[in-house]
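Everything below concerns the one structure shown next.
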Amino acid sequence: MKSQVRSIDCDLLVVGSGASGLAAAVTAAWHGLKVVVVEKAPVFGGATAWSGGWMWAPGNPLARRAGIHEDPQQPRTYLKNELGDRYDAERIDAFLDNAPGMVSFFEQNTALQFVDGNAIPDVHGKVAGAGTEGHQVIAAPYDARELGALNTRLRKTMRETSFLGMPIMAGSDLGAFLSMTRSPRSFIHVTKRFLRHLRDLAVHGRAMHLVNGVALTGRLAKSADDLAVQMIESAPAKRLIRENGVVRGAIVSTPEGDIEIRAAKGVVLAAGGFPNDVARRRELFPRTPTGDEHLALPPESCSGDGITLGESAGGALDTRVASPAAWAPVSRVHHADGTIGHFPHIIERGKPGLIGVLSNGKRFVNEADGYYDYVAAMVAQAPQGEEVHSWLVCDHRFQRLYGLGYARPFPIPVGRFVRNGYLKRGDTIEALATACGIPAAALAATVKRFNEHARQGKDPDFGRGSTPYNRKMGDPLHKGPNPCVAPIEQGPFYAVKVLPGSFGTFAGLKTNGNAQVLGADGRPIAGLYAVGTDMASVMGGFYPSGGINLGPAMTFGFIAGRHAAGASDAASVDRNTGPSRNPEVAPGSDLQMTMRRDSL
């Protein structure tokens, strides 16, 4: 006898629990909808939990409160110059008009609070319209004790980017860790952080001071729980329910059997794109003949489920992007327990005393530019017929100061990383080249030329240190004239092999300014939304600034939640600073409901 399929009725079903999905869920629930979130993995948080957590949101209220009042046309000018013919005016306007209101909405009405990144410049400072301040926000650190039992249902921080499970916050926290051997104040900060973490491990078995992506997902999950959003983990969506051409829910698989979740207002696809779909990688990624050459950073659960569901309902896949992936330089880490991890090389490339070279021993890029730029250049310039890769090369002084990839700086010993093959080492540059399989004479010539100019703080070949972003990525404590440049001359010398990887995918389902999925005819599919990396990149497959994944993810999640709820123009939530959120008013209370109606 066939078992009966259980049924759940709701207003909105969200498939995926990263930033975009939870943003949509919280927004819709705050507007009175009954919301269900289903997550394929056994934990919530998606790829967001493993991210740096930065969000690009020009005109945000934190910047305004700091006295930064940018012409709204400036970021549009920058994006027009960056994106060229891939500039989608409808979606860019939707993003830029609603990003400030998104930040205000969450800040005033939910557990999600922010810290500004006002001093972070856009990546390409020589492009007209590039901003030097006021575009970035990040979730404020969060005490996981506020989550209660929900904490154990959330994804932990990425193993490779934490230290003994302790996440380190981008910004001043990270700066303290990198300068702890040179600054007493930094040393005290790091000591306190580490002792607190050891206490949390002993008592709770995991980090309780949440920062970066885990702080964002933790705060969003808490907000969803406060608003009675039903969250179901280990529950992949198998197929959509369509009635008369309208998406009305999905059949979801769970360990207890299938559930039919009927959603009167529709479905939001937020399953994390297809970074771990090997077949699609083989089809769409350049110089990836088997699909396995790519080292994706998102969790394995981000494997294209949302894209497939969208296509099954007639959604069109947009592959006309500058890059199908949000490139990141990644090294392969072999852990002692036999597992293999992926480490993103985000921090050290801009520090003074390191270069990147191809297999021919030659530099190929300004290493202090964005991570996307590094990999794009590597893919384009690596010798044809060879595996696409490069080597980050430094000396002993650099490795002890900043670390090299997963090999941490002093006082963590470096020897084991050499013994397990993660790092190559040589007493001379020529010996290092031999260990890496690089022509010794070519690498020696490259380092010699670099050093001749680096002693004067110059890089005539690639202009390293010539933009505000470059200098931000450098070392403010470096005693030379250029915070990004220093000679490589104190042996022994080290190198780590870097391969193409990504933070996620840029190709995705075509959508409009309301985050509705579009069919091949360009018309919206009723009841179907796509956000995050299930949605084709609003940046057209370019990477103009840090945070251009999560900023649009949060904003279009916010837009989708409001649109499903039939709310008015999202940008009207907060054109100015708006009232501060009252921490004494519980989300969902009668008083808060009155406050939010008045604020809208």
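Lettering and numbering for the structure tokens are positional, with chains as A, B, ... in the shown order, residues counted from 1 in each chain, and ligands counted from 1 in the shown order.
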*So which residues of stretch 516-561 of chain A fall under strand (DSSP E or B) by DSSP, listed as a list in words?*
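Put together, the selection reads Gln516, Val517, Leu518, Gly519, Pro524, Ile525, Ala526, Gly527, Leu528, Tyr529, Ala530 and Met535 of chain A.
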Using only C-alpha atoms, I'd like a table of the residues in stretch 76-169 of chain A that come within 8 Å of stretch 41-44 of chain A; for each, show the closest atom pair and its distance in Å rounded to one decimal, ordered by chain and ascending number, as a Markdown table.
```
| residue | atom | partner | partner_atom | distance |
| --- | --- | --- | --- | --- |
| A:Arg153 | CA | A:Val43 | CA | 5.1 |
| A:Leu154 | CA | A:Phe44 | CA | 4.7 |
| A:Arg155 | CA | A:Val43 | CA | 5.2 |
```
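Distance check against A:Met473 using only C-alpha atoms: of A:Ala221, A:Arg363, A:Pro121, A:Thr446, the minimum falls on A:Pro121.
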*Can you list every residue in stretch 146-382 of chain A that DSSP puts in helix (DSSP H, G or I), as JSON, numbers by chain?*
{"A": [146, 147, 148, 149, 150, 151, 152, 153, 159, 160, 161, 172, 173, 174, 175, 176, 177, 178, 184, 185, 186, 187, 188, 189, 190, 191, 192, 193, 194, 195, 196, 197, 198, 199, 200, 201, 202, 203, 204, 212, 213, 214, 215, 216, 217, 218, 219, 220, 221, 222, 223, 224, 225, 226, 278, 279, 280, 281, 282, 283, 284, 305, 306, 307, 308, 309, 310, 311, 312, 348, 349, 350, 371, 372, 373, 374, 375, 376, 377, 378, 379, 380, 381]}
*asked:* Which residues are near A:Gly84? Cut-off 12 Å, only C-alpha atoms, ignore same chain within fewer than 4 positions. Put them as a VMD selection string.
replied: chain A and resid 76 to 80 88 to 89 321 to 322 539 to 542 544
Could you save those same residues with C-alpha atoms as a PDB file, in the first residue's frame?
```
ATOM      1  CA  ARG A  76      25.718  53.581 -11.420  1.00  0.00           C
ATOM      2  CA  THR A  77      28.529  55.294 -13.314  1.00  0.00           C
ATOM      3  CA  TYR A  78      31.012  52.799 -11.909  1.00  0.00           C
ATOM      4  CA  LEU A  79      28.859  49.811 -12.840  1.00  0.00           C
ATOM      5  CA  LYS A  80      28.165  51.163 -16.336  1.00  0.00           C
ATOM      6  CA  ASP A  88      20.989  45.517 -16.963  1.00  0.00           C
ATOM      7  CA  ALA A  89      19.369  48.852 -16.064  1.00  0.00           C
ATOM      8  CA  VAL A 321      27.919  36.534 -18.457  1.00  0.00           C
ATOM      9  CA  ALA A 322      31.533  37.659 -18.495  1.00  0.00           C
ATOM     10  CA  MET A 539      26.859  42.246 -12.108  1.00  0.00           C
ATOM     11  CA  GLY A 540      26.872  40.479 -15.465  1.00  0.00           C
ATOM     12  CA  GLY A 541      29.580  38.060 -14.380  1.00  0.00           C
ATOM     13  CA  PHE A 542      32.029  40.781 -13.340  1.00  0.00           C
ATOM     14  CA  PRO A 544      33.654  45.274  -9.414  1.00  0.00           C
TER      15      PRO A 544
END
```
Please report as a Markdown table every residue of stretch 312-399 of chain A lying within 12 Å of stretch 547-554 of chain A, along with the nearest atom pair and their distance in Å (one decimal), using only C-alpha atoms.
```
| residue | atom | partner | partner_atom | distance |
| --- | --- | --- | --- | --- |
| A:Ala325 | CA | A:Asn549 | CA | 11.0 |
| A:Ala326 | CA | A:Asn549 | CA | 8.4 |
| A:Trp327 | CA | A:Asn549 | CA | 11.6 |
| A:Gly370 | CA | A:Gly547 | CA | 11.5 |
| A:Tyr372 | CA | A:Ile548 | CA | 11.5 |
```
*Which is closer to A:Val268 than all the others in A:Ser502, A:Gly310, A:Arg425, A:Gly205, using only C-alpha atoms?*
A:Gly310
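Here the question is which of A:Ala380, A:Leu477, A:Ile429, A:Ile261 gets nearest to A:Ser7 using only C-alpha atoms, and that residue is A:Ile261.
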*Could you pull the residues within 12 Å of A:Asp200, counting only C-alpha atoms, minus those fewer than 2 positions along the same chain, as a list in words?*
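So the residues in contact are Asp143, Ala144, Arg145, Leu164, Gly165, Met166, Arg193, Phe194, Leu195, Arg196, His197, Leu198, Ala202, Val203, His204, Gly205, Arg206, Ala207, Met208, His209 and Leu210 of chain A.
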*asked:* Between A:Ala23, A:Gly67, A:Leu13, A:Leu295, which residue has the minimum interatomic distance to A:Ile340, considering only C-alpha atoms?
replied: A:Leu295
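Excluding A:Gly508 itself and any same-chain residue fewer than 6 positions from it, the protein and nucleic acid residues within 6 Å of it, counting only C-alpha atoms, are A:Leu317, A:Asp318, A:Asp534, A:Met535, A:Ala536.
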*Pick from A:Cys484, A:Leu499, A:Leu509, A:Leu112: nearest to A:Leu220, with only C-alpha atoms counted?*
A:Leu112
Residue neighbourhood A:Gly557, 12 Å, only C-alpha atoms, exclusion window fewer than 4 positions, as a PDB file with N, CA and C atoms, in the first residue's frame:
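Final file, result_28.pdb:
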```pdb
ATOM      1  N   VAL A  14      10.632  28.751   0.631  1.00  0.00           N
ATOM      2  CA  VAL A  14      11.980  29.160   0.258  1.00  0.00           C
ATOM      3  C   VAL A  14      12.858  27.927   0.206  1.00  0.00           C
ATOM      4  N   VAL A  15      13.515  27.713  -0.921  1.00  0.00           N
ATOM      5  CA  VAL A  15      14.395  26.553  -1.109  1.00  0.00           C
ATOM      6  C   VAL A  15      15.832  27.018  -0.950  1.00  0.00           C
ATOM      7  N   GLY A  16      16.435  26.746   0.208  1.00  0.00           N
ATOM      8  CA  GLY A  16      17.797  27.161   0.493  1.00  0.00           C
ATOM      9  C   GLY A  16      17.851  28.107   1.675  1.00  0.00           C
ATOM     10  N   SER A  17      18.935  28.018   2.459  1.00  0.00           N
ATOM     11  CA  SER A  17      18.987  28.779   3.716  1.00  0.00           C
ATOM     12  C   SER A  17      20.237  29.630   3.849  1.00  0.00           C
ATOM     13  N   GLY A  18      20.813  30.069   2.719  1.00  0.00           N
ATOM     14  CA  GLY A  18      21.880  31.057   2.784  1.00  0.00           C
ATOM     15  C   GLY A  18      21.303  32.443   2.992  1.00  0.00           C
ATOM     16  N   ALA A  19      22.132  33.464   2.789  1.00  0.00           N
ATOM     17  CA  ALA A  19      21.693  34.841   3.060  1.00  0.00           C
ATOM     18  C   ALA A  19      20.477  35.224   2.238  1.00  0.00           C
ATOM     19  N   SER A  20      20.470  34.893   0.939  1.00  0.00           N
ATOM     20  CA  SER A  20      19.354  35.331   0.087  1.00  0.00           C
ATOM     21  C   SER A  20      18.051  34.657   0.486  1.00  0.00           C
ATOM     22  N   GLY A  21      18.104  33.366   0.752  1.00  0.00           N
ATOM     23  CA  GLY A  21      16.894  32.649   1.128  1.00  0.00           C
ATOM     24  C   GLY A  21      16.347  33.108   2.463  1.00  0.00           C
ATOM     25  N   LEU A  22      17.226  33.248   3.456  1.00  0.00           N
ATOM     26  CA  LEU A  22      16.763  33.690   4.764  1.00  0.00           C
ATOM     27  C   LEU A  22      16.303  35.141   4.724  1.00  0.00           C
ATOM     28  N   ALA A  23      16.945  35.968   3.889  1.00  0.00           N
ATOM     29  CA  ALA A  23      16.475  37.354   3.750  1.00  0.00           C
ATOM     30  C   ALA A  23      15.056  37.392   3.202  1.00  0.00           C
ATOM     31  N   ALA A  24      14.784  36.563   2.188  1.00  0.00           N
ATOM     32  CA  ALA A  24      13.431  36.498   1.628  1.00  0.00           C
ATOM     33  C   ALA A  24      12.439  35.991   2.661  1.00  0.00           C
ATOM     34  N   ALA A  25      12.847  34.955   3.402  1.00  0.00           N
ATOM     35  CA  ALA A  25      11.948  34.362   4.396  1.00  0.00           C
ATOM     36  C   ALA A  25      11.610  35.356   5.507  1.00  0.00           C
ATOM     37  N   VAL A  26      12.627  36.027   6.042  1.00  0.00           N
ATOM     38  CA  VAL A  26      12.412  36.981   7.132  1.00  0.00           C
ATOM     39  C   VAL A  26      11.557  38.145   6.660  1.00  0.00           C
ATOM     40  N   THR A  27      11.864  38.668   5.484  1.00  0.00           N
ATOM     41  CA  THR A  27      11.100  39.806   4.961  1.00  0.00           C
ATOM     42  C   THR A  27       9.631  39.446   4.770  1.00  0.00           C
ATOM     43  N   ALA A  28       9.387  38.289   4.136  1.00  0.00           N
ATOM     44  CA  ALA A  28       8.002  37.875   3.893  1.00  0.00           C
ATOM     45  C   ALA A  28       7.270  37.611   5.201  1.00  0.00           C
ATOM     46  N   ALA A  94      16.970  48.280  -9.491  1.00  0.00           N
ATOM     47  CA  ALA A  94      16.294  47.591  -8.385  1.00  0.00           C
ATOM     48  C   ALA A  94      17.263  47.362  -7.230  1.00  0.00           C
ATOM     49  N   PHE A  95      18.481  46.949  -7.556  1.00  0.00           N
ATOM     50  CA  PHE A  95      19.473  46.691  -6.516  1.00  0.00           C
ATOM     51  C   PHE A  95      19.888  47.977  -5.805  1.00  0.00           C
ATOM     52  N   ASN A  98      17.151  49.684  -3.704  1.00  0.00           N
ATOM     53  CA  ASN A  98      16.637  48.941  -2.553  1.00  0.00           C
ATOM     54  C   ASN A  98      17.680  48.530  -1.535  1.00  0.00           C
ATOM     55  N   ALA A  99      18.966  48.551  -1.900  1.00  0.00           N
ATOM     56  CA  ALA A  99      20.005  48.122  -0.953  1.00  0.00           C
ATOM     57  C   ALA A  99      20.003  48.946   0.333  1.00  0.00           C
ATOM     58  N   MET A 102      17.067  47.863   2.351  1.00  0.00           N
ATOM     59  CA  MET A 102      17.286  46.516   2.877  1.00  0.00           C
ATOM     60  C   MET A 102      18.060  46.576   4.185  1.00  0.00           C
ATOM     61  N   VAL A 103      19.163  47.323   4.191  1.00  0.00           N
ATOM     62  CA  VAL A 103      19.970  47.422   5.411  1.00  0.00           C
ATOM     63  C   VAL A 103      19.148  48.021   6.546  1.00  0.00           C
ATOM     64  N   PHE A 106      16.417  45.452   8.003  1.00  0.00           N
ATOM     65  CA  PHE A 106      16.932  44.421   8.914  1.00  0.00           C
ATOM     66  C   PHE A 106      17.476  45.046  10.194  1.00  0.00           C
ATOM     67  N   LEU A 220      20.307  35.984  10.849  1.00  0.00           N
ATOM     68  CA  LEU A 220      19.132  35.796   9.998  1.00  0.00           C
ATOM     69  C   LEU A 220      18.280  34.622  10.476  1.00  0.00           C
ATOM     70  N   VAL A 267       7.208  30.185  -4.725  1.00  0.00           N
ATOM     71  CA  VAL A 267       8.458  29.553  -4.286  1.00  0.00           C
ATOM     72  C   VAL A 267       9.628  30.476  -4.611  1.00  0.00           C
ATOM     73  N   VAL A 268      10.544  30.595  -3.662  1.00  0.00           N
ATOM     74  CA  VAL A 268      11.794  31.334  -3.871  1.00  0.00           C
ATOM     75  C   VAL A 268      12.930  30.325  -3.973  1.00  0.00           C
ATOM     76  N   LEU A 269      13.628  30.326  -5.099  1.00  0.00           N
ATOM     77  CA  LEU A 269      14.778  29.450  -5.293  1.00  0.00           C
ATOM     78  C   LEU A 269      16.027  30.163  -4.799  1.00  0.00           C
ATOM     79  N   ALA A 270      16.672  29.565  -3.786  1.00  0.00           N
ATOM     80  CA  ALA A 270      17.866  30.173  -3.183  1.00  0.00           C
ATOM     81  C   ALA A 270      18.821  29.064  -2.757  1.00  0.00           C
ATOM     82  N   GLY A 513      13.532  42.788 -12.196  1.00  0.00           N
ATOM     83  CA  GLY A 513      13.828  43.608 -11.035  1.00  0.00           C
ATOM     84  C   GLY A 513      13.079  43.202  -9.782  1.00  0.00           C
ATOM     85  N   ASN A 514      12.058  42.361  -9.909  1.00  0.00           N
ATOM     86  CA  ASN A 514      11.320  41.849  -8.750  1.00  0.00           C
ATOM     87  C   ASN A 514      11.820  40.476  -8.324  1.00  0.00           C
ATOM     88  N   ALA A 515      12.915  40.005  -8.917  1.00  0.00           N
ATOM     89  CA  ALA A 515      13.494  38.687  -8.655  1.00  0.00           C
ATOM     90  C   ALA A 515      12.605  37.550  -9.170  1.00  0.00           C
ATOM     91  N   GLN A 516      11.668  37.856 -10.046  1.00  0.00           N
ATOM     92  CA  GLN A 516      10.841  36.816 -10.649  1.00  0.00           C
ATOM     93  C   GLN A 516      11.621  36.115 -11.757  1.00  0.00           C
ATOM     94  N   TYR A 529      10.395  32.757  -7.935  1.00  0.00           N
ATOM     95  CA  TYR A 529      11.460  33.731  -7.743  1.00  0.00           C
ATOM     96  C   TYR A 529      12.803  33.007  -7.682  1.00  0.00           C
ATOM     97  N   ALA A 530      13.868  33.728  -8.000  1.00  0.00           N
ATOM     98  CA  ALA A 530      15.221  33.207  -7.820  1.00  0.00           C
ATOM     99  C   ALA A 530      16.096  34.316  -7.268  1.00  0.00           C
ATOM    100  N   VAL A 531      16.869  33.992  -6.239  1.00  0.00           N
ATOM    101  CA  VAL A 531      17.740  34.977  -5.595  1.00  0.00           C
ATOM    102  C   VAL A 531      19.093  34.344  -5.319  1.00  0.00           C
ATOM    103  N   GLY A 532      20.033  35.162  -4.842  1.00  0.00           N
ATOM    104  CA  GLY A 532      21.375  34.641  -4.593  1.00  0.00           C
ATOM    105  C   GLY A 532      22.013  34.186  -5.885  1.00  0.00           C
ATOM    106  N   THR A 533      22.712  33.074  -5.840  1.00  0.00           N
ATOM    107  CA  THR A 533      23.387  32.583  -7.038  1.00  0.00           C
ATOM    108  C   THR A 533      22.517  31.649  -7.873  1.00  0.00           C
ATOM    109  N   ASP A 534      21.276  31.415  -7.472  1.00  0.00           N
ATOM    110  CA  ASP A 534      20.326  30.781  -8.400  1.00  0.00           C
ATOM    111  C   ASP A 534      19.874  31.793  -9.451  1.00  0.00           C
ATOM    112  N   MET A 535      19.996  33.064  -9.132  1.00  0.00           N
ATOM    113  CA  MET A 535      19.687  34.164 -10.047  1.00  0.00           C
ATOM    114  C   MET A 535      20.954  34.519 -10.815  1.00  0.00           C
ATOM    115  N   LEU A 550      27.001  38.922  -1.823  1.00  0.00           N
ATOM    116  CA  LEU A 550      26.053  38.972  -0.711  1.00  0.00           C
ATOM    117  C   LEU A 550      25.210  40.244  -0.696  1.00  0.00           C
ATOM    118  N   GLY A 551      25.745  41.354  -1.193  1.00  0.00           N
ATOM    119  CA  GLY A 551      24.930  42.569  -1.238  1.00  0.00           C
ATOM    120  C   GLY A 551      23.677  42.375  -2.083  1.00  0.00           C
ATOM    121  N   PRO A 552      23.824  41.967  -3.346  1.00  0.00           N
ATOM    122  CA  PRO A 552      22.640  41.661  -4.153  1.00  0.00           C
ATOM    123  C   PRO A 552      21.828  40.487  -3.617  1.00  0.00           C
ATOM    124  N   ALA A 553      22.494  39.486  -3.032  1.00  0.00           N
ATOM    125  CA  ALA A 553      21.754  38.342  -2.490  1.00  0.00           C
ATOM    126  C   ALA A 553      20.770  38.799  -1.416  1.00  0.00           C
ATOM    127  N   GLY A 561      10.826  38.837  -1.032  1.00  0.00           N
ATOM    128  CA  GLY A 561       9.921  38.678   0.106  1.00  0.00           C
ATOM    129  C   GLY A 561       8.832  39.725   0.118  1.00  0.00           C
ATOM    130  N   ARG A 562       9.176  40.964  -0.199  1.00  0.00           N
ATOM    131  CA  ARG A 562       8.176  42.035  -0.237  1.00  0.00           C
ATOM    132  C   ARG A 562       7.217  41.860  -1.413  1.00  0.00           C
ATOM    133  N   HIS A 563       7.771  41.454  -2.564  1.00  0.00           N
ATOM    134  CA  HIS A 563       6.910  41.284  -3.728  1.00  0.00           C
ATOM    135  C   HIS A 563       5.895  40.158  -3.499  1.00  0.00           C
ATOM    136  N   ALA A 564       6.347  39.061  -2.913  1.00  0.00           N
ATOM    137  CA  ALA A 564       5.438  37.949  -2.630  1.00  0.00           C
ATOM    138  C   ALA A 564       4.348  38.360  -1.655  1.00  0.00           C
ATOM    139  N   ALA A 570       9.938  48.723  -2.200  1.00  0.00           N
ATOM    140  CA  ALA A 570      10.848  48.387  -1.108  1.00  0.00           C
ATOM    141  C   ALA A 570      11.748  49.545  -0.745  1.00  0.00           C
TER     142      ALA A 570
END
```
Contacts of A:Leu174 within 12 Å, only C-alpha atoms, excl. fewer than 2 positions in-chain, as a CSV table (one decimal) with N, CA, C and O atoms, in the first residue's frame:
```
chain,number,residue,atom,x,y,z
A,52,GLY,N,33.1,35.5,3.7
A,52,GLY,CA,33.6,36.6,4.5
A,52,GLY,C,32.5,37.5,5.1
A,52,GLY,O,32.7,38.2,6.0
A,161,THR,N,39.5,28.4,6.9
A,161,THR,CA,39.6,29.9,7.2
A,161,THR,C,39.4,30.2,8.6
A,161,THR,O,39.4,31.4,9.0
A,162,SER,N,39.3,29.2,9.5
A,162,SER,CA,39.3,29.5,10.9
A,162,SER,C,40.5,28.9,11.6
A,162,SER,O,41.3,28.2,10.9
A,163,PHE,N,40.8,29.2,12.8
A,163,PHE,CA,41.9,28.6,13.6
A,163,PHE,C,41.4,27.8,14.7
A,163,PHE,O,40.8,28.4,15.6
A,166,MET,N,37.9,28.7,15.3
A,166,MET,CA,37.6,30.1,15.7
A,166,MET,C,37.6,30.9,14.5
A,166,MET,O,38.6,31.1,13.8
A,167,PRO,N,36.4,31.5,14.1
A,167,PRO,CA,36.4,32.4,13.0
A,167,PRO,C,37.0,33.7,13.3
A,167,PRO,O,36.9,34.2,14.5
A,168,ILE,N,37.7,34.4,12.4
A,168,ILE,CA,38.4,35.6,12.6
A,168,ILE,C,37.7,36.7,11.7
A,168,ILE,O,37.6,36.5,10.5
A,169,MET,N,37.3,37.8,12.3
A,169,MET,CA,36.5,38.7,11.6
A,169,MET,C,37.3,39.6,10.7
A,169,MET,O,38.4,40.0,11.0
A,170,ALA,N,36.8,39.7,9.5
A,170,ALA,CA,37.5,40.6,8.5
A,170,ALA,C,37.6,42.0,9.1
A,170,ALA,O,36.7,42.5,9.7
A,171,GLY,N,38.7,42.7,8.8
A,171,GLY,CA,38.8,44.1,9.3
A,171,GLY,C,39.8,44.1,10.5
A,171,GLY,O,40.9,43.5,10.4
A,172,SER,N,39.5,44.9,11.5
A,172,SER,CA,40.5,45.1,12.6
A,172,SER,C,40.8,43.8,13.4
A,172,SER,O,42.0,43.7,13.8
A,176,ALA,N,44.6,42.5,13.7
A,176,ALA,CA,45.3,42.2,15.0
A,176,ALA,C,46.0,40.8,14.9
A,176,ALA,O,47.1,40.7,15.4
A,177,PHE,N,45.4,39.9,14.3
A,177,PHE,CA,46.0,38.5,14.2
A,177,PHE,C,47.3,38.6,13.4
A,177,PHE,O,48.3,37.9,13.6
A,178,LEU,N,47.2,39.4,12.3
A,178,LEU,CA,48.4,39.5,11.4
A,178,LEU,C,49.5,40.4,12.0
A,178,LEU,O,50.7,40.3,11.5
A,179,SER,N,49.2,41.2,13.0
A,179,SER,CA,50.2,42.1,13.6
A,179,SER,C,50.5,41.8,15.0
A,179,SER,O,51.2,42.6,15.7
A,180,MET,N,50.1,40.6,15.5
A,180,MET,CA,50.2,40.3,16.9
A,180,MET,C,51.7,40.2,17.4
A,180,MET,O,52.0,40.5,18.6
A,186,SER,N,47.7,44.4,19.7
A,186,SER,CA,47.2,43.3,18.9
A,186,SER,C,47.4,42.0,19.7
A,186,SER,O,46.5,41.1,19.6
A,187,PHE,N,48.6,41.8,20.3
A,187,PHE,CA,48.8,40.6,21.0
A,187,PHE,C,47.8,40.4,22.1
A,187,PHE,O,47.3,39.3,22.3
A,189,HIS,N,44.8,41.6,22.3
A,189,HIS,CA,43.5,41.3,21.6
A,189,HIS,C,43.4,39.8,21.2
A,189,HIS,O,42.4,39.1,21.5
A,190,VAL,N,44.4,39.3,20.6
A,190,VAL,CA,44.4,38.0,20.1
A,190,VAL,C,44.4,37.0,21.3
A,190,VAL,O,43.7,36.0,21.2
A,193,ARG,N,40.9,36.8,22.6
A,193,ARG,CA,40.0,36.1,21.7
A,193,ARG,C,40.2,34.6,21.8
A,193,ARG,O,39.3,33.8,21.8
A,211,VAL,N,31.3,35.5,13.8
A,211,VAL,CA,31.7,36.7,12.9
A,211,VAL,C,31.6,36.3,11.5
A,211,VAL,O,31.4,35.1,11.1
A,212,ASN,N,31.7,37.3,10.6
A,212,ASN,CA,31.6,37.1,9.1
A,212,ASN,C,30.4,36.4,8.7
A,212,ASN,O,29.3,36.7,9.2
A,347,ILE,N,43.8,37.2,1.4
A,347,ILE,CA,44.5,38.2,2.2
A,347,ILE,C,45.9,38.4,1.8
A,347,ILE,O,46.4,39.5,1.7
A,348,GLU,N,46.7,37.3,1.6
A,348,GLU,CA,48.2,37.5,1.6
A,348,GLU,C,48.6,38.1,0.2
A,348,GLU,O,49.7,38.7,0.1
A,402,TYR,N,52.9,36.9,7.6
A,402,TYR,CA,51.6,36.9,7.1
A,402,TYR,C,51.0,35.5,6.9
A,402,TYR,O,49.8,35.4,6.7
A,473,MET,N,44.7,46.5,0.8
A,473,MET,CA,45.1,45.1,0.9
A,473,MET,C,46.5,44.9,1.4
A,473,MET,O,47.0,43.8,1.7
A,475,ASP,N,50.0,46.2,3.8
A,475,ASP,CA,50.3,46.2,5.3
A,475,ASP,C,50.6,47.6,5.7
A,475,ASP,O,51.6,48.2,5.4
```
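Candidate residues A:Gln456, A:Thr288, A:Asn451, A:Ser323 were compared for distance to A:Asp373, and the nearest is A:Ser323, using only C-alpha atoms.
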Please identify every residue of stretch 474-494 of chain A that has at least one atom no farther than 12 Å from an atom of stretch 415-418 of chain A, counting only C-alpha atoms, and for each give the shortest atom pair and the distance in Å to one decimal, arranged by chain then increasing number, as JSON lines.
```
{"residue": "A:Pro492", "atom": "CA", "partner": "A:Val418", "partner_atom": "CA", "distance": 11.7}
{"residue": "A:Phe493", "atom": "CA", "partner": "A:Val418", "partner_atom": "CA", "distance": 11.3}
{"residue": "A:Tyr494", "atom": "CA", "partner": "A:Val418", "partner_atom": "CA", "distance": 8.9}
```
Keeping only all heavy atoms, write the selected residues as a PDB file, in the first residue's frame.
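The file below, again_25.pdb, is the result:
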```
ATOM      1  N   PRO A 492      64.985  30.662   3.840  1.00  0.00           N
ATOM      2  CA  PRO A 492      64.508  29.878   2.700  1.00  0.00           C
ATOM      3  C   PRO A 492      63.262  30.502   2.061  1.00  0.00           C
ATOM      4  O   PRO A 492      62.599  31.352   2.659  1.00  0.00           O
ATOM      5  CB  PRO A 492      64.175  28.525   3.329  1.00  0.00           C
ATOM      6  CG  PRO A 492      63.854  28.840   4.754  1.00  0.00           C
ATOM      7  CD  PRO A 492      64.749  29.984   5.127  1.00  0.00           C
ATOM      8  N   PHE A 493      62.978  30.020   0.859  1.00  0.00           N
ATOM      9  CA  PHE A 493      61.873  30.546   0.066  1.00  0.00           C
ATOM     10  C   PHE A 493      60.756  29.515  -0.021  1.00  0.00           C
ATOM     11  O   PHE A 493      61.010  28.302   0.000  1.00  0.00           O
ATOM     12  CB  PHE A 493      62.378  30.942  -1.324  1.00  0.00           C
ATOM     13  CG  PHE A 493      63.502  31.935  -1.281  1.00  0.00           C
ATOM     14  CD1 PHE A 493      64.828  31.519  -1.291  1.00  0.00           C
ATOM     15  CD2 PHE A 493      63.236  33.296  -1.205  1.00  0.00           C
ATOM     16  CE1 PHE A 493      65.871  32.440  -1.229  1.00  0.00           C
ATOM     17  CE2 PHE A 493      64.269  34.227  -1.137  1.00  0.00           C
ATOM     18  CZ  PHE A 493      65.580  33.793  -1.145  1.00  0.00           C
ATOM     19  N   TYR A 494      59.513  30.003  -0.129  1.00  0.00           N
ATOM     20  CA  TYR A 494      58.343  29.128  -0.123  1.00  0.00           C
ATOM     21  C   TYR A 494      57.428  29.422  -1.313  1.00  0.00           C
ATOM     22  O   TYR A 494      57.397  30.547  -1.831  1.00  0.00           O
ATOM     23  CB  TYR A 494      57.538  29.312   1.165  1.00  0.00           C
ATOM     24  CG  TYR A 494      58.295  28.991   2.427  1.00  0.00           C
ATOM     25  CD1 TYR A 494      58.965  30.000   3.136  1.00  0.00           C
ATOM     26  CD2 TYR A 494      58.363  27.691   2.913  1.00  0.00           C
ATOM     27  CE1 TYR A 494      59.669  29.715   4.284  1.00  0.00           C
ATOM     28  CE2 TYR A 494      59.064  27.400   4.073  1.00  0.00           C
ATOM     29  CZ  TYR A 494      59.716  28.412   4.755  1.00  0.00           C
ATOM     30  OH  TYR A 494      60.414  28.126   5.897  1.00  0.00           O
TER      31      TYR A 494
END
```
